[in-house]
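This is target-v6.pdb. It holds PDB, C-alpha atoms.
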ATOM      1  CA  MET F   1     188.268 108.268 -26.736
ATOM      2  CA  ASN F   2     188.851 105.248 -24.515
ATOM      3  CA  ALA F   3     185.977 104.607 -22.085
ATOM      4  CA  LEU F   4     188.268 104.369 -19.042
ATOM      5  CA  PRO F   5     189.042 108.123 -18.679
ATOM      6  CA  LEU F   6     185.316 108.810 -19.102
ATOM      7  CA  ILE F   7     184.386 106.274 -16.406
ATOM      8  CA  LEU F   8     187.092 107.537 -14.019
ATOM      9  CA  THR F   9     186.187 111.211 -14.492
ATOM     10  CA  VAL F  10     182.496 110.543 -13.892
ATOM     11  CA  PHE F  11     183.352 108.260 -10.959
ATOM     12  CA  VAL F  12     185.390 110.924  -9.151
ATOM     13  CA  ALA F  13     182.896 113.721  -9.875
ATOM     14  CA  CYS F  14     179.944 111.626  -8.750
ATOM     15  CA  SER F  15     181.767 110.360  -5.640
ATOM     16  CA  VAL F  16     182.010 113.924  -4.378
ATOM     17  CA  GLU F  17     178.284 114.490  -4.932
ATOM     18  CA  ALA F  18     177.407 111.133  -3.366
ATOM     19  CA  VAL F  19     179.460 111.917  -0.246
ATOM     20  CA  GLU F  20     177.554 115.195   0.195
ATOM     21  CA  ALA F  21     174.171 113.527  -0.337
ATOM     22  CA  LEU F  22     175.125 110.798   2.144
ATOM     23  CA  THR F  23     175.911 113.399   4.822
ATOM     24  CA  ILE F  24     172.430 114.882   4.483
ATOM     25  CA  VAL F  25     170.654 111.518   4.396
ATOM     26  CA  LEU F  26     172.555 110.289   7.467
ATOM     27  CA  ALA F  27     171.709 113.471   9.359
ATOM     28  CA  ALA F  28     168.010 113.034   8.563
ATOM     29  CA  GLY F  29     167.869 109.281   9.097
ATOM     30  CA  LEU F  30     169.977 108.896  12.228
ATOM     31  CA  THR F  31     168.566 111.975  13.957
ATOM     32  CA  ARG F  32     164.917 111.806  12.939
ATOM     33  CA  GLU F  33     163.328 108.851  11.182
ATOM     34  CA  TRP F  34     164.549 106.458   8.509
ATOM     35  CA  LYS F  35     161.137 105.719   6.919
ATOM     36  CA  SER F  36     160.447 109.342   5.958
ATOM     37  CA  THR F  37     164.102 109.793   4.949
ATOM     38  CA  PHE F  38     163.881 106.856   2.550
ATOM     39  CA  GLN F  39     160.594 108.217   1.179
ATOM     40  CA  GLY F  40     162.310 111.550   0.517
ATOM     41  CA  MET F  41     165.231 109.796  -1.173
ATOM     42  CA  ALA F  42     162.883 107.695  -3.292
ATOM     43  CA  ALA F  43     160.858 110.740  -4.368
ATOM     44  CA  ALA F  44     164.074 112.543  -5.375
ATOM     45  CA  LEU F  45     165.289 109.511  -7.315
ATOM     46  CA  VAL F  46     161.971 109.414  -9.217
ATOM     47  CA  VAL F  47     162.344 113.102 -10.153
ATOM     48  CA  LEU F  48     165.951 112.486 -11.222
ATOM     49  CA  ALA F  49     164.876 109.522 -13.344
ATOM     50  CA  VAL F  50     162.212 111.663 -15.053
ATOM     51  CA  VAL F  51     164.736 114.465 -15.717
ATOM     52  CA  THR F  52     167.253 111.980 -17.113
ATOM     53  CA  ALA F  53     164.627 110.273 -19.272
ATOM     54  CA  ALA F  54     163.460 113.642 -20.618
ATOM     55  CA  ILE F  55     166.804 115.338 -21.258
ATOM     56  CA  GLY F  56     169.056 112.375 -22.090
ATOM     57  CA  PRO F  57     167.368 111.122 -25.265
ATOM     58  CA  ALA F  58     166.564 114.695 -26.369
ATOM     59  CA  LEU F  59     170.277 115.539 -26.331
ATOM     60  CA  THR F  60     171.177 112.566 -28.497
ATOM     61  CA  PHE F  61     168.921 113.935 -31.257
ATOM     62  CA  LEU F  62     171.033 117.102 -31.503
ATOM     63  CA  PRO F  63     173.720 117.175 -34.213
ATOM     64  CA  LEU F  64     177.127 116.457 -32.657
ATOM     65  CA  THR F  65     178.461 119.964 -33.390
ATOM     66  CA  ALA F  66     175.509 121.692 -31.727
ATOM     67  CA  LEU F  67     175.640 119.226 -28.841
ATOM     68  CA  ARG F  68     179.328 119.902 -28.239
ATOM     69  CA  LEU F  69     178.822 123.657 -28.427
ATOM     70  CA  VAL F  70     175.957 123.709 -25.919
ATOM     71  CA  VAL F  71     177.287 121.017 -23.622
ATOM     72  CA  GLY F  72     180.836 122.358 -23.826
ATOM     73  CA  ALA F  73     179.668 125.829 -22.834
ATOM     74  CA  LEU F  74     177.595 124.494 -19.936
ATOM     75  CA  LEU F  75     180.392 122.219 -18.775
ATOM     76  CA  ALA F  76     183.038 124.962 -18.951
ATOM     77  CA  ILE F  77     180.818 127.351 -16.957
ATOM     78  CA  PHE F  78     179.934 124.612 -14.477
ATOM     79  CA  GLY F  79     183.566 123.491 -14.177
ATOM     80  CA  LEU F  80     184.787 127.042 -13.628
ATOM     81  CA  GLN F  81     182.332 127.349 -10.706
ATOM     82  CA  TRP F  82     183.994 124.340  -9.100
ATOM     83  CA  LEU F  83     187.493 125.565  -9.911
ATOM     84  CA  ARG F  84     186.777 129.056  -8.615
ATOM     85  CA  LYS F  85     185.521 127.676  -5.298
ATOM     86  CA  ALA F  86     188.463 125.264  -5.113
ATOM     87  CA  VAL F  87     190.997 128.069  -5.596
ATOM     88  CA  LEU F  88     189.183 130.243  -3.041
ATOM     89  CA  ARG F  89     189.263 127.351  -0.559
ATOM     90  CA  ALA F  90     192.949 126.682  -1.236
ATOM     91  CA  THR F  91     193.795 130.311  -0.518
ATOM     92  CA  GLY F  92     191.653 130.714   2.589
ATOM     93  CA  TYR F  93     189.015 133.000   1.097
ATOM     94  CA  LYS F  94     186.364 130.333   1.473
ATOM     95  CA  ALA F  95     186.001 127.794   4.261
ATOM     96  CA  LEU F  96     187.168 124.283   3.438
ATOM     97  CA  HIS F  97     184.316 121.880   2.908
ATOM     98  CA  ASP F  98     184.137 119.684   5.978
ATOM     99  CA  GLU F  99     181.630 116.826   6.006
ATOM    100  CA  ALA F 100     181.934 116.377   9.773
ATOM    101  CA  SER F 101     180.923 119.968  10.542
ATOM    102  CA  ALA F 102     178.312 119.960   7.763
ATOM    103  CA  TYR F 103     176.847 116.852   9.378
ATOM    104  CA  LEU F 104     176.797 118.463  12.821
ATOM    105  CA  ARG F 105     174.990 121.532  11.436
ATOM    106  CA  GLU F 106     172.377 119.356   9.753
ATOM    107  CA  VAL F 107     171.935 117.274  12.917
ATOM    108  CA  ALA F 108     171.466 120.394  15.051
ATOM    109  CA  ALA F 109     168.857 121.746  12.644
ATOM    110  CA  ALA F 110     167.134 118.347  12.446
ATOM    111  CA  GLN F 111     166.952 118.031  16.239
ATOM    112  CA  ALA F 112     165.444 121.506  16.576
ATOM    113  CA  ALA F 113     162.733 121.071  13.941
ATOM    114  CA  PRO F 114     159.253 120.006  15.124
ATOM    115  CA  LYS F 115     157.739 116.752  13.874
ATOM    116  CA  GLN F 116     154.889 117.227  11.415
ATOM    117  CA  THR F 117     152.848 114.653   9.498
ATOM    118  CA  ARG F 118     151.917 115.795   5.997
ATOM    119  CA  ARG F 119     150.649 114.097   2.860
ATOM    120  CA  GLY F 120     150.992 110.635   4.341
ATOM    121  CA  VAL F 121     154.616 111.230   5.395
ATOM    122  CA  SER F 122     155.088 110.735   9.140
ATOM    123  CA  ASP F 123     158.032 113.151   9.453
ATOM    124  CA  TRP F 124     157.885 115.916   6.868
ATOM    125  CA  TYR F 125     161.236 117.429   7.907
ATOM    126  CA  SER F 126     163.161 114.195   7.273
ATOM    127  CA  PHE F 127     161.359 113.758   3.980
ATOM    128  CA  THR F 128     162.128 117.245   2.666
ATOM    129  CA  LEU F 129     165.720 117.222   3.948
ATOM    130  CA  ALA F 130     166.475 113.913   2.214
ATOM    131  CA  PHE F 131     164.519 114.925  -0.884
ATOM    132  CA  LYS F 132     166.332 118.232  -1.330
ATOM    133  CA  GLY F 133     169.755 116.793  -0.547
ATOM    134  CA  VAL F 134     169.476 113.852  -2.917
ATOM    135  CA  LEU F 135     167.794 115.920  -5.634
ATOM    136  CA  LEU F 136     170.376 118.709  -5.565
ATOM    137  CA  GLU F 137     173.426 116.461  -5.506
ATOM    138  CA  GLY F 138     171.732 114.030  -7.879
ATOM    139  CA  LEU F 139     171.075 116.759 -10.440
ATOM    140  CA  GLU F 140     174.798 117.406 -10.601
ATOM    141  CA  VAL F 141     175.378 113.678 -11.123
ATOM    142  CA  VAL F 142     172.743 113.626 -13.886
ATOM    143  CA  PHE F 143     174.289 116.707 -15.493
ATOM    144  CA  ILE F 144     177.755 115.159 -15.511
ATOM    145  CA  VAL F 145     176.539 111.762 -16.745
ATOM    146  CA  ILE F 146     174.439 113.223 -19.547
ATOM    147  CA  THR F 147     176.998 115.762 -20.753
ATOM    148  CA  PHE F 148     179.975 113.413 -20.672
ATOM    149  CA  GLY F 149     178.010 110.398 -21.909
ATOM    150  CA  ALA F 150     176.207 112.181 -24.755
ATOM    151  CA  ASN F 151     179.379 113.880 -25.974
ATOM    152  CA  GLN F 152     181.291 110.628 -26.126
ATOM    153  CA  HIS F 153     178.274 108.701 -27.434
ATOM    154  CA  ASN F 154     178.796 106.422 -24.478
ATOM    155  CA  VAL F 155     176.140 107.169 -21.884
ATOM    156  CA  GLY F 156     176.494 103.571 -20.677
ATOM    157  CA  ALA F 157     180.118 104.123 -19.601
ATOM    158  CA  ALA F 158     179.167 107.363 -17.834
ATOM    159  CA  VAL F 159     176.329 105.573 -16.030
ATOM    160  CA  ILE F 160     178.760 102.830 -14.956
ATOM    161  CA  GLY F 161     181.108 105.472 -13.477
ATOM    162  CA  ALA F 162     178.250 107.207 -11.636
ATOM    163  CA  ALA F 163     176.649 103.993 -10.401
ATOM    164  CA  ALA F 164     180.006 102.692  -9.148
ATOM    165  CA  ALA F 165     180.558 105.956  -7.243
ATOM    166  CA  ILE F 166     177.119 105.814  -5.636
ATOM    167  CA  VAL F 167     177.523 102.135  -4.668
ATOM    168  CA  VAL F 168     181.017 102.653  -3.204
ATOM    169  CA  VAL F 169     179.963 105.715  -1.192
ATOM    170  CA  THR F 170     176.724 104.080   0.006
ATOM    171  CA  VAL F 171     178.513 100.903   1.109
ATOM    172  CA  ALA F 172     181.179 102.973   2.889
ATOM    173  CA  GLY F 173     178.472 105.109   4.536
ATOM    174  CA  VAL F 174     176.528 102.046   5.711
ATOM    175  CA  ALA F 175     179.757 100.505   7.028
ATOM    176  CA  VAL F 176     180.864 103.497   9.100
ATOM    177  CA  LYS F 177     177.370 104.924   9.824
ATOM    178  CA  ALA F 178     178.898 108.411   9.776
ATOM    179  CA  PRO F 179     179.741 111.085   7.219
ATOM    180  CA  LEU F 180     182.779 110.222   5.127
ATOM    181  CA  SER F 181     184.922 113.030   6.492
ATOM    182  CA  LYS F 182     188.144 111.164   5.670
ATOM    183  CA  VAL F 183     187.513 111.540   1.938
ATOM    184  CA  PRO F 184     189.850 114.307   0.663
ATOM    185  CA  GLU F 185     186.843 116.168  -0.709
ATOM    186  CA  ASN F 186     188.461 119.546  -1.268
ATOM    187  CA  TRP F 187     191.204 118.047  -3.414
ATOM    188  CA  LEU F 188     188.692 115.905  -5.279
ATOM    189  CA  LYS F 189     186.592 118.990  -5.974
ATOM    190  CA  TYR F 190     189.681 120.767  -7.266
ATOM    191  CA  ALA F 191     190.476 117.828  -9.558
ATOM    192  CA  VAL F 192     186.883 117.622 -10.773
ATOM    193  CA  GLY F 193     186.848 121.363 -11.468
ATOM    194  CA  ILE F 194     189.965 120.951 -13.618
ATOM    195  CA  MET F 195     188.462 118.007 -15.520
ATOM    196  CA  LEU F 196     185.064 119.659 -16.113
ATOM    197  CA  THR F 197     186.685 122.903 -17.242
ATOM    198  CA  SER F 198     189.110 121.102 -19.570
ATOM    199  CA  PHE F 199     186.493 118.866 -21.172
ATOM    200  CA  GLY F 200     184.061 121.796 -21.467
ATOM    201  CA  THR F 201     186.706 123.935 -23.162
ATOM    202  CA  PHE F 202     187.670 121.109 -25.499
ATOM    203  CA  TRP F 203     184.125 120.241 -26.573
ATOM    204  CA  GLY F 204     182.920 123.843 -26.650
ATOM    205  CA  ALA F 205     185.733 124.888 -29.005
ATOM    206  CA  GLU F 206     185.092 121.827 -31.182
ATOM    207  CA  GLY F 207     181.426 122.784 -31.307
ATOM    208  CA  ALA F 208     182.428 126.278 -32.419
ATOM    209  CA  GLY F 209     184.264 124.704 -35.367
ATOM    210  CA  VAL F 210     187.805 124.412 -34.069
ATOM    211  CA  ARG F 211     190.017 121.470 -34.968
ATOM    212  CA  TRP F 212     192.355 120.793 -32.041
ATOM    213  CA  PRO F 213     195.996 120.030 -32.833
ATOM    214  CA  GLY F 214     196.356 116.298 -32.233
ATOM    215  CA  ASP F 215     192.567 115.874 -31.993
ATOM    216  CA  ASP F 216     191.607 114.040 -28.760
ATOM    217  CA  ALA F 217     195.267 113.978 -27.671
ATOM    218  CA  ALA F 218     194.986 117.746 -27.125
ATOM    219  CA  LEU F 219     193.144 116.909 -23.891
ATOM    220  CA  LEU F 220     196.359 115.399 -22.563
ATOM    221  CA  VAL F 221     197.883 118.874 -22.815
ATOM    222  CA  LEU F 222     194.780 120.892 -21.951
ATOM    223  CA  VAL F 223     194.118 119.177 -18.606
ATOM    224  CA  PRO F 224     197.647 119.828 -17.210
ATOM    225  CA  VAL F 225     197.585 123.392 -18.557
ATOM    226  CA  VAL F 226     194.282 124.116 -16.777
ATOM    227  CA  ALA F 227     195.758 122.561 -13.626
ATOM    228  CA  LEU F 228     198.913 124.675 -13.919
ATOM    229  CA  VAL F 229     197.039 127.924 -14.550
ATOM    230  CA  SER F 230     194.687 127.315 -11.616
ATOM    231  CA  ALA F 231     197.709 126.486  -9.419
ATOM    232  CA  GLY F 232     199.246 129.730 -10.671
ATOM    233  CA  TYR F 233     196.173 131.608  -9.469
ATOM    234  CA  VAL F 234     196.508 129.927  -6.063
ATOM    235  CA  PHE F 235     200.128 131.137  -5.797
ATOM    236  CA  TRP F 236     199.147 134.584  -7.081
ATOM    237  CA  LEU F 237     196.413 134.996  -4.464
ATOM    238  CA  ARG F 238     198.690 133.708  -1.722
ATOM    239  CA  ALA F 239     201.520 135.978  -2.865
ATOM    240  CA  ARG F 240     199.251 138.996  -2.741
ATOM    241  CA  GLY F 241     199.322 138.278   0.937
ATOM    242  CA  THR F 242     195.831 139.470   1.469
ATOM    243  CA  ALA F 243     194.405 136.099   2.379
ATOM    244  CA  ALA F 244     195.725 136.380   5.898
ATOM    245  CA  SER F 245     193.965 139.683   6.404
ATOM    246  CA  ALA F 246     190.871 138.654   4.483
ATOM    247  CA  PRO F 247     187.601 138.499   6.371
ATOM    248  CA  ALA F 248     186.754 135.150   7.966
ATOM    249  CA  PRO F 249     185.707 132.738   5.249
ATOM    250  CA  HIS F 250     181.978 132.292   4.768
ATOM    251  CA  SER F 251     180.759 129.154   6.421
ATOM    252  CA  GLU F 252     180.199 126.314   4.013
ATOM    253  CA  VAL F 253     176.672 125.418   2.970
ATOM    254  CA  VAL F 254     176.010 121.744   2.479
ATOM    255  CA  GLY F 255     176.029 120.970  -1.179
ATOM    256  CA  SER F 256     178.076 123.944  -2.286
TER     257      SER F 256
ATOM    258  CA  MET V   1     154.522 133.163  -9.960
ATOM    259  CA  ASN V   2     156.769 132.758  -6.925
ATOM    260  CA  ARG V   3     157.298 129.095  -7.791
ATOM    261  CA  ILE V   4     158.290 129.977 -11.346
ATOM    262  CA  LYS V   5     160.700 132.576  -9.976
ATOM    263  CA  ALA V   6     162.145 130.063  -7.521
ATOM    264  CA  PHE V   7     162.460 127.474 -10.305
ATOM    265  CA  GLY V   8     164.291 129.995 -12.492
ATOM    266  CA  ALA V   9     166.496 131.094  -9.604
ATOM    267  CA  PHE V  10     167.426 127.492  -8.867
ATOM    268  CA  TRP V  11     168.548 126.795 -12.444
ATOM    269  CA  TYR V  12     170.361 130.131 -12.641
ATOM    270  CA  ASP V  13     172.269 129.263  -9.490
ATOM    271  CA  PHE V  14     172.873 125.694 -10.674
ATOM    272  CA  VAL V  15     174.341 126.630 -14.037
ATOM    273  CA  ILE V  16     175.626 130.207 -13.705
ATOM    274  CA  GLY V  17     176.555 130.186 -10.018
ATOM    275  CA  ASP V  18     178.013 133.041  -8.013
ATOM    276  CA  ASP V  19     179.487 135.094 -10.846
ATOM    277  CA  TRP V  20     177.614 135.650 -14.115
ATOM    278  CA  HIS V  21     180.702 137.276 -15.649
ATOM    279  CA  VAL V  22     182.236 133.815 -16.032
ATOM    280  CA  ALA V  23     179.298 132.583 -18.116
ATOM    281  CA  ALA V  24     179.298 135.785 -20.155
ATOM    282  CA  LEU V  25     183.014 135.469 -20.927
ATOM    283  CA  ILE V  26     182.670 131.812 -21.950
ATOM    284  CA  VAL V  27     179.769 132.609 -24.277
ATOM    285  CA  ALA V  28     181.723 135.554 -25.724
ATOM    286  CA  GLY V  29     184.783 133.334 -26.193
ATOM    287  CA  LEU V  30     182.753 130.704 -28.021
ATOM    288  CA  ALA V  31     181.050 133.294 -30.224
ATOM    289  CA  LEU V  32     184.374 134.896 -31.159
ATOM    290  CA  THR V  33     185.927 131.484 -31.832
ATOM    291  CA  ALA V  34     183.033 130.511 -34.117
ATOM    292  CA  LEU V  35     183.328 133.866 -35.891
ATOM    293  CA  LEU V  36     187.061 133.453 -36.494
ATOM    294  CA  VAL V  37     186.674 129.853 -37.678
ATOM    295  CA  HIS V  38     183.703 130.337 -39.967
ATOM    296  CA  SER V  39     184.209 133.904 -41.216
ATOM    297  CA  ALA V  40     187.980 134.363 -41.259
ATOM    298  CA  GLY V  41     188.990 130.717 -41.696
ATOM    299  CA  VAL V  42     191.283 130.851 -38.645
ATOM    300  CA  ASN V  43     191.540 127.626 -36.639
ATOM    301  CA  ALA V  44     191.411 129.544 -33.337
ATOM    302  CA  TRP V  45     191.783 126.588 -30.956
ATOM    303  CA  TRP V  46     193.843 128.761 -28.608
ATOM    304  CA  LEU V  47     191.169 131.426 -28.089
ATOM    305  CA  LEU V  48     188.663 129.665 -25.810
ATOM    306  CA  PRO V  49     191.336 128.526 -23.310
ATOM    307  CA  LEU V  50     192.469 132.174 -23.087
ATOM    308  CA  PHE V  51     188.898 133.257 -22.327
ATOM    309  CA  VAL V  52     188.569 130.449 -19.762
ATOM    310  CA  PHE V  53     191.754 131.494 -17.934
ATOM    311  CA  ALA V  54     190.760 135.154 -18.118
ATOM    312  CA  ALA V  55     187.297 134.367 -16.756
ATOM    313  CA  LEU V  56     188.764 132.430 -13.835
ATOM    314  CA  GLY V  57     191.309 135.139 -13.058
ATOM    315  CA  TRP V  58     188.766 137.945 -13.333
ATOM    316  CA  SER V  59     186.266 136.119 -11.147
ATOM    317  CA  LEU V  60     188.905 135.332  -8.509
ATOM    318  CA  HIS V  61     190.043 138.941  -8.535
ATOM    319  CA  ARG V  62     186.465 140.138  -7.999
ATOM    320  CA  ALA V  63     185.895 137.620  -5.217
ATOM    321  CA  THR V  64     189.027 138.575  -3.294
ATOM    322  CA  LYS V  65     189.415 142.310  -3.760
TER     323      LYS V  65
END

Could you quickly redo this structure as structure tokens?
Amino acid sequence: MNALPLILTVFVACSVEAVEALTIVLAAGLTREWKSTFQGMAAALVVLAVVTAAIGPALTFLPLTALRLVVGALLAIFGLQWLRKAVLRATGYKALHDEASAYLREVAAAQAAPKQTRRGVSDWYSFTLAFKGVLLEGLEVVFIVITFGANQHNVGAAVIGAAAAIVVVTVAGVAVKAPLSKVPENWLKYAVGIMLTSFGTFWGAEGAGVRWPGDDAALLVLVPVVALVSAGYVFWLRARGTAASAPAPHSEVVGS
Amino acid sequence: MNRIKAFGAFWYDFVIGDDWHVAALIVAGLALTALLVHSAGVNAWWLLPLFVFAALGWSLHRATK
């Protein structure tokens, strides 16, 4: 497979995660204290590096068939989580993800929390908020990079896609000094859900021993079919007409 | 013990998410595909997508009923 689709898929998926991590970091840094926020970010990045260093090479030792089976299954399950949430958002059963309101919630919580010095960190709340936010979103980035990169035997291309996403989002965040609420996150999440589900299905079936008609070209059919079926579910749920009378959507949790 | 539980809960939530039926259906779909390919010699490329679409539909139905 050409490296470009791999880079683009990882770029879009990681952009979404980076935007969410940025919202949390900005809330901690602008409201509380930048030094502790950066310490939290750095600690999370160290943990992520250790996880990547431990899991990444281990995966490359697996035979390709076993790798595709395991990674395909994980990716399909992971992708369906995204797709499920995206369809629920599109039909009003779940609140749309809104970085601006997520930011305001984090800021309110950050302003209310008392300042505590622990383990050499001057503001423990900023540290833990940044640590958790970056670690959680970063784990998803690591998962996507490792699964896509290992499967295509091109971890370098996946890393390029992820790094580009993080740089672009960070530069944009520094430039506007506010959450990137203009990014069409809900649509991006929908698109990423379709891509993760399609790739997971493709690799998982290959790992189970299937030979796809047209080999890699089957993805060119599988991706639109997954998109069409998920769109069909959106129309089905809307046509049931129950969305309007559904209970108020659950409020969105940052990172979900 | 609580930390181990929390660690396990985190990974469960990270991978499996809100509805374990989805994961169960994907695993079942893969197992059945492997069985058909290796035991019956059927190139069942169409089976896993069917399980994927069924899992999504079933999970959406459960979430919205």

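Of the residues listed (V:Ala6, V:Ala28, V:Leu60, V:Leu50), V:Leu60 shows the shortest atom-to-atom separation from chain F; distances use all atoms listed in the file.
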
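Taking atom CA of Glu106 of chain F and atom CA of Thr64 of chain V as the two end points, the separation is 28.6 Å.
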
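When all atoms listed in the file are used to compute distances to chain V, the closest of the residues F:Ile77, F:Ile24, F:Val142, F:Ala90 turns out to be F:Ile77.
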
**Request:** For the file shown, report as a ChimeraX atom specification the outcome of the PyMOL selection byres ((chain F) within 6 of (chain V)) at residue level.
**Result:** /F:77-78,208,210,212

**Request:** Would you list the residues near (183.6, 123.6, -31.5) (no more than 9 Å away, in the coordinates of the file, using only C-alpha atoms) as a list in words?
**Result:** Thr65, Ala66, Arg68, Leu69, Gly72, Thr201, Phe202, Trp203, Gly204, Ala205, Glu206, Gly207, Ala208, Gly209, Val210 and Arg211 of chain F; Leu30, Thr33, Ala34 and Trp45 of chain V

Tell me which residues the PyMOL selection byres ((chain F and resi 109-123) around 7) grabs here, as an mmCIF file with C-alpha atoms, in the frame of the given file.
data_model
loop_
_atom_site.group_PDB
_atom_site.id
_atom_site.type_symbol
_atom_site.label_atom_id
_atom_site.label_comp_id
_atom_site.auth_asym_id
_atom_site.auth_seq_id
_atom_site.Cartn_x
_atom_site.Cartn_y
_atom_site.Cartn_z
ATOM 1 C CA ALA F 28 168.010 113.034 8.563
ATOM 2 C CA THR F 31 168.566 111.975 13.957
ATOM 3 C CA ARG F 32 164.917 111.806 12.939
ATOM 4 C CA SER F 36 160.447 109.342 5.958
ATOM 5 C CA ARG F 105 174.990 121.532 11.436
ATOM 6 C CA GLU F 106 172.377 119.356 9.753
ATOM 7 C CA VAL F 107 171.935 117.274 12.917
ATOM 8 C CA ALA F 108 171.466 120.394 15.051
ATOM 9 C CA TRP F 124 157.885 115.916 6.868
ATOM 10 C CA TYR F 125 161.236 117.429 7.907
ATOM 11 C CA SER F 126 163.161 114.195 7.273
ATOM 12 C CA PHE F 127 161.359 113.758 3.980
#

**Prompt:** Given the choices F:Tyr93, F:Tyr233, F:Tyr190, F:Trp34, which gets closest to Val16 of chain F if the distance is worked out from only C-alpha atoms?
**Reply:**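 Nearest candidate to Val16 of chain F out of F:Tyr93, F:Tyr233, F:Tyr190, F:Trp34: F:Tyr190.
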
**Request:** Apply the PyMOL selection byres ((chain F and resi 162-164) around 10) to the file shown and report the selected residues as a PyMOL selection string.
**Result:** chain F and resi 7-15+17-18+141-142+144-145+156-161+165-170

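Atom pair atom CA of Ala44 of chain F / atom CA of Leu135 of chain F: separated by 5.0 Å.
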
**Item:** Point-to-point distance from atom CA of Gln39 of chain F to atom CA of Ile146 of chain F, Å rounded to tenths
**Value:**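 Between these atoms lies a distance of 25.4 Å.
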